[in-house]
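First up is the structure itself, then whatever we jot down about it.
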Amino acid sequence: MATDGSLATGQRSLGDPTLDYPLWPPLTAGCPRTGTEDVSYPVEVDYAYREADAAALFAPGADAGAPRGGLERWAPLLPPLLAPGLGEGGTPLVELEPGVYVKDEARNPTWSHKDRLNRCTTSAAVGVGAPGIAVASSGNHGASAAAYAARAGLRCVVITGPDLPPAVDAFLNAYGAVVLPVPWEARWPLLRQVVDRLGLHPVSNLTTTHTGHAYGPEGYKTVAYEIFRDIGVPASVFVPTGYGELLFGVWKGFSELHRLGLADRVPRIVACESASGAPLALAVRQGLPAARVTVGPSEAYSIASPVCGYRGVVAVRESGGRVLTLDDGQLAAAQAELARSGLWTELSAAAGLAGLRSLGGVEGLGEAEGSVVCVSTSSGFKDRGVGARSTAPVTPEWEEVRRRLHAAGIRG
């Protein structure tokens, strides 16, 4: 099987790192030897790190002349990229204020960070010869999976909730995905049936506590690579957190940079959860590998998760990070602040900045010195309320226009 320049060698259990498995097939239901009825442990991809020419890979100007984006830039430290890409990655790091940066993942092809994951998971589907992919998603993941399936010539089934935002519904159908809105509690059981009966490759979770796809979080490592290339190692990275895959990927990317001798440390990874559920906060607080919670009402549907996974616990613990819980009011304030700076984000995507602001900004980090990065995961286009607002027309008479301008605080 082609490797596309990848140095990936196999899969390793996070529950017991002495247990390893071949690289193929990808383990889509976690480690088969460490799981219990209550907890499933993920696996991660391992690499021949000694064979990596890290200095050349991360050298300034190493990608000069290359097209913007595309995970091929980091192929040696990723699973084999067997599916064609869409120019994912290469997103800008916007300085919001001195020392505070926003990694704007809305600049990806389907306007979210999920494109990094789905380039890798769709490649896995191609690698095993699957006729298509299946995903359970509230929005971003499904839209991204549908795009990458279409690009690879594969069918895509998206199992989603009954309150799918109309804009996301249109997005999914534009790519030719089969969209199945069902009650929330039916999504994962139905996904398992679709996978078992039709042979589609699952690109989202199949287990009771979240393990997800073995290859997916590897794509998220490139967020860390790009931050490092732009500003080095920040003091902390604030990450919107649902299941914890992005959180783990950012941590693993910096951990690899440290392992390869390029970075002198790993930044603190700060999980920013919706207070409507916050399973990772519960798991960390009680010393558990994962947790389940009842989710209350929230408009931050992308991170309002009833379950977390062991990946998130690992990222927080190993980086000396922490978990912050944020209500919708804090998220809305951060979303508005980002909009005033020219960045239109989904409510959930503002969780990184909301987490930083909840600590009082950089000064509230205590002993931390240096820059901080807040990851913003997706575009404001993905919010449920998009399209609901309609601006009243105005007649082109100066007095009426003047009243409208004055009401907005614009005066000559």
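In the structure tokens, each chain is lettered A, B, ... as it comes, each chain's residues begin at 1, and ligands are numbered from 1 in order of appearance.
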
If you take only C-alpha atoms and a cut-off of 12 Å, which residues of stretch 63-96 of chain A touch stretch 18-24 of chain A, and what are their nearest atom pairs and distances in Å to one decimal, in chain and number order, as a tab-separated table?
residue	atom	partner	partner_atom	distance
A:Leu78	CA	A:Leu23	CA	11.7
A:Pro79	CA	A:Leu23	CA	8.6
A:Pro80	CA	A:Leu23	CA	9.8

Export, as an mmCIF file, in the first residue's frame, the selected residues with C-alpha atoms.
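Saved the output as part-v3.cif:
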data_model
loop_
_atom_site.group_PDB
_atom_site.id
_atom_site.type_symbol
_atom_site.label_atom_id
_atom_site.label_comp_id
_atom_site.auth_asym_id
_atom_site.auth_seq_id
_atom_site.Cartn_x
_atom_site.Cartn_y
_atom_site.Cartn_z
ATOM 1 C CA LEU A 78 0.780 12.078 9.235
ATOM 2 C CA PRO A 79 -0.958 8.845 8.276
ATOM 3 C CA PRO A 80 -0.813 8.156 4.519
#

Near-A:Val284 list (10 Å; only C-alpha atoms; drop same-chain fewer than 6 positions) as number ranges by chain: A: 290-291, 310, 312-314, 316-317, 322-323

Atoms kept (C-alpha atoms) for selection, written as an mmCIF file, in the first residue's frame:
data_model
loop_
_atom_site.group_PDB
_atom_site.id
_atom_site.type_symbol
_atom_site.label_atom_id
_atom_site.label_comp_id
_atom_site.auth_asym_id
_atom_site.auth_seq_id
_atom_site.Cartn_x
_atom_site.Cartn_y
_atom_site.Cartn_z
ATOM 1 C CA ALA A 290 -13.751 9.695 30.671
ATOM 2 C CA ALA A 291 -17.192 10.806 31.827
ATOM 3 C CA TYR A 310 -9.489 9.759 27.338
ATOM 4 C CA GLY A 312 -8.807 15.063 26.415
ATOM 5 C CA VAL A 313 -7.677 13.858 29.838
ATOM 6 C CA VAL A 314 -4.239 13.027 28.434
ATOM 7 C CA VAL A 316 -4.751 18.390 29.920
ATOM 8 C CA ARG A 317 -2.774 16.197 32.309
ATOM 9 C CA ARG A 322 -6.751 22.907 32.888
ATOM 10 C CA VAL A 323 -10.433 22.771 31.955
#

Residue neighbourhood stretch 224-241 of chain A, 8 Å, only C-alpha atoms, exclusion window fewer than 3 positions, as an MDAnalysis selection string: chainID A and resid 58 60 90 93 103 220:221 244 246:247 249:251 253:254 257 263 265:274 303 348:353 355:356 368:377

Give me, as a PDB file with N, CA and C atoms, in the first residue's frame, all polymer residues having an atom no more than 9 Å from A:Ala55, counting only C-alpha atoms and skipping those fewer than 3 positions away in the same chain.
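Final output, saved to around.pdb:
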ATOM      1  N   ALA A  52      12.659  11.042  10.618  1.00  0.00           N
ATOM      2  CA  ALA A  52      12.131  12.340  10.186  1.00  0.00           C
ATOM      3  C   ALA A  52      13.244  13.377  10.104  1.00  0.00           C
ATOM      4  N   PHE A  58      10.588  21.688   9.170  1.00  0.00           N
ATOM      5  CA  PHE A  58      10.130  22.900   9.837  1.00  0.00           C
ATOM      6  C   PHE A  58      11.018  24.110   9.555  1.00  0.00           C
ATOM      7  N   ALA A  59      11.913  23.988   8.601  1.00  0.00           N
ATOM      8  CA  ALA A  59      12.800  25.107   8.278  1.00  0.00           C
ATOM      9  C   ALA A  59      12.010  26.281   7.716  1.00  0.00           C
ATOM     10  N   LEU A 260      11.180  15.902  18.850  1.00  0.00           N
ATOM     11  CA  LEU A 260      12.099  16.032  17.722  1.00  0.00           C
ATOM     12  C   LEU A 260      13.210  17.042  17.988  1.00  0.00           C
ATOM     13  N   LEU A 262      12.913  20.307  18.450  1.00  0.00           N
ATOM     14  CA  LEU A 262      12.693  21.614  17.873  1.00  0.00           C
ATOM     15  C   LEU A 262      12.132  22.611  18.882  1.00  0.00           C
TER      16      LEU A 262
END

Compile the contact shell of stretch 200-208 of chain A as a short mmCIF file (atom, residue, chain, number, x, y, z; two decimals) with N, CA and C atoms, in the first residue's frame: residues with an atom at most 8 Å away, counting only C-alpha atoms, same-chain residues fewer than 2 positions apart removed.
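Contents of around_10.cif, freshly written:
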data_model
loop_
_atom_site.label_atom_id
_atom_site.label_comp_id
_atom_site.auth_asym_id
_atom_site.auth_seq_id
_atom_site.Cartn_x
_atom_site.Cartn_y
_atom_site.Cartn_z
N THR A 28 -11.26 1.83 14.43
CA THR A 28 -12.31 2.85 14.52
C THR A 28 -13.18 2.69 15.76
N ALA A 29 -12.82 1.75 16.63
CA ALA A 29 -13.58 1.57 17.88
C ALA A 29 -12.64 1.47 19.07
N GLY A 30 -11.50 2.16 19.01
CA GLY A 30 -10.58 2.18 20.13
C GLY A 30 -9.76 0.91 20.25
N GLU A 37 -16.95 -2.20 29.55
CA GLU A 37 -18.30 -1.78 29.23
C GLU A 37 -18.51 -0.28 29.48
N ASP A 38 -17.73 0.27 30.41
CA ASP A 38 -17.92 1.67 30.80
C ASP A 38 -16.98 2.64 30.10
N VAL A 39 -15.78 2.19 29.75
CA VAL A 39 -14.76 3.09 29.20
C VAL A 39 -14.08 2.44 28.01
N SER A 40 -13.96 3.22 26.93
CA SER A 40 -13.19 2.80 25.77
C SER A 40 -11.96 3.69 25.66
N ASN A 118 -10.77 15.30 8.48
CA ASN A 118 -11.39 14.51 7.42
C ASN A 118 -10.48 14.23 6.24
N THR A 121 -9.15 10.96 7.74
CA THR A 121 -10.10 9.86 7.87
C THR A 121 -10.60 9.39 6.51
N THR A 122 -10.81 10.31 5.58
CA THR A 122 -11.21 9.90 4.24
C THR A 122 -10.09 9.15 3.54
N ALA A 125 -10.43 5.67 4.59
CA ALA A 125 -11.48 4.98 3.84
C ALA A 125 -10.98 4.53 2.48
N ALA A 130 -13.12 1.20 1.10
CA ALA A 130 -14.53 1.34 1.48
C ALA A 130 -15.30 2.05 0.36
N PRO A 131 -16.58 1.70 0.18
CA PRO A 131 -17.38 2.37 -0.85
C PRO A 131 -17.82 3.77 -0.48
N GLY A 132 -17.67 4.11 0.79
CA GLY A 132 -18.09 5.42 1.25
C GLY A 132 -17.80 5.59 2.72
N ILE A 133 -18.22 6.73 3.27
CA ILE A 133 -18.00 7.01 4.68
C ILE A 133 -19.32 7.34 5.35
N ALA A 134 -19.34 7.16 6.67
CA ALA A 134 -20.52 7.50 7.46
C ALA A 134 -20.07 8.29 8.67
N VAL A 135 -20.91 9.26 9.07
CA VAL A 135 -20.54 10.15 10.16
C VAL A 135 -21.78 10.55 10.94
N ALA A 136 -21.66 10.62 12.25
CA ALA A 136 -22.70 11.20 13.11
C ALA A 136 -22.21 12.59 13.50
N SER A 137 -22.99 13.62 13.19
CA SER A 137 -22.49 14.98 13.38
C SER A 137 -23.63 15.96 13.58
N ALA A 145 -16.93 16.10 6.22
CA ALA A 145 -16.87 14.73 5.72
C ALA A 145 -17.52 14.62 4.34
N TRP A 188 -25.65 7.57 17.33
CA TRP A 188 -24.55 6.61 17.35
C TRP A 188 -25.02 5.17 17.13
N LEU A 191 -25.52 4.88 13.47
CA LEU A 191 -24.23 4.88 12.78
C LEU A 191 -23.63 3.48 12.77
N ARG A 192 -23.67 2.81 13.91
CA ARG A 192 -23.11 1.45 13.98
C ARG A 192 -23.83 0.50 13.02
N VAL A 194 -25.37 1.35 10.16
CA VAL A 194 -24.99 1.72 8.80
C VAL A 194 -23.61 1.14 8.46
N VAL A 195 -22.69 1.24 9.39
CA VAL A 195 -21.35 0.73 9.18
C VAL A 195 -21.35 -0.79 9.04
N ASP A 196 -22.03 -1.46 9.96
CA ASP A 196 -22.03 -2.93 9.96
C ASP A 196 -22.76 -3.51 8.75
N LEU A 198 -23.69 -1.90 5.75
CA LEU A 198 -23.38 -1.39 4.41
C LEU A 198 -21.89 -1.33 4.11
N HIS A 210 -15.90 8.41 24.25
CA HIS A 210 -15.43 8.78 22.92
C HIS A 210 -14.02 8.27 22.62
N THR A 211 -13.89 7.53 21.52
CA THR A 211 -12.56 7.20 20.99
C THR A 211 -12.37 7.81 19.61
N GLY A 212 -13.43 7.81 18.80
CA GLY A 212 -13.31 8.38 17.47
C GLY A 212 -12.38 7.57 16.58
N HIS A 213 -12.04 8.13 15.45
CA HIS A 213 -11.20 7.47 14.45
C HIS A 213 -9.73 7.58 14.83
N GLY A 216 -7.94 10.46 12.77
CA GLY A 216 -8.48 11.81 12.75
C GLY A 216 -7.67 12.86 13.48
#
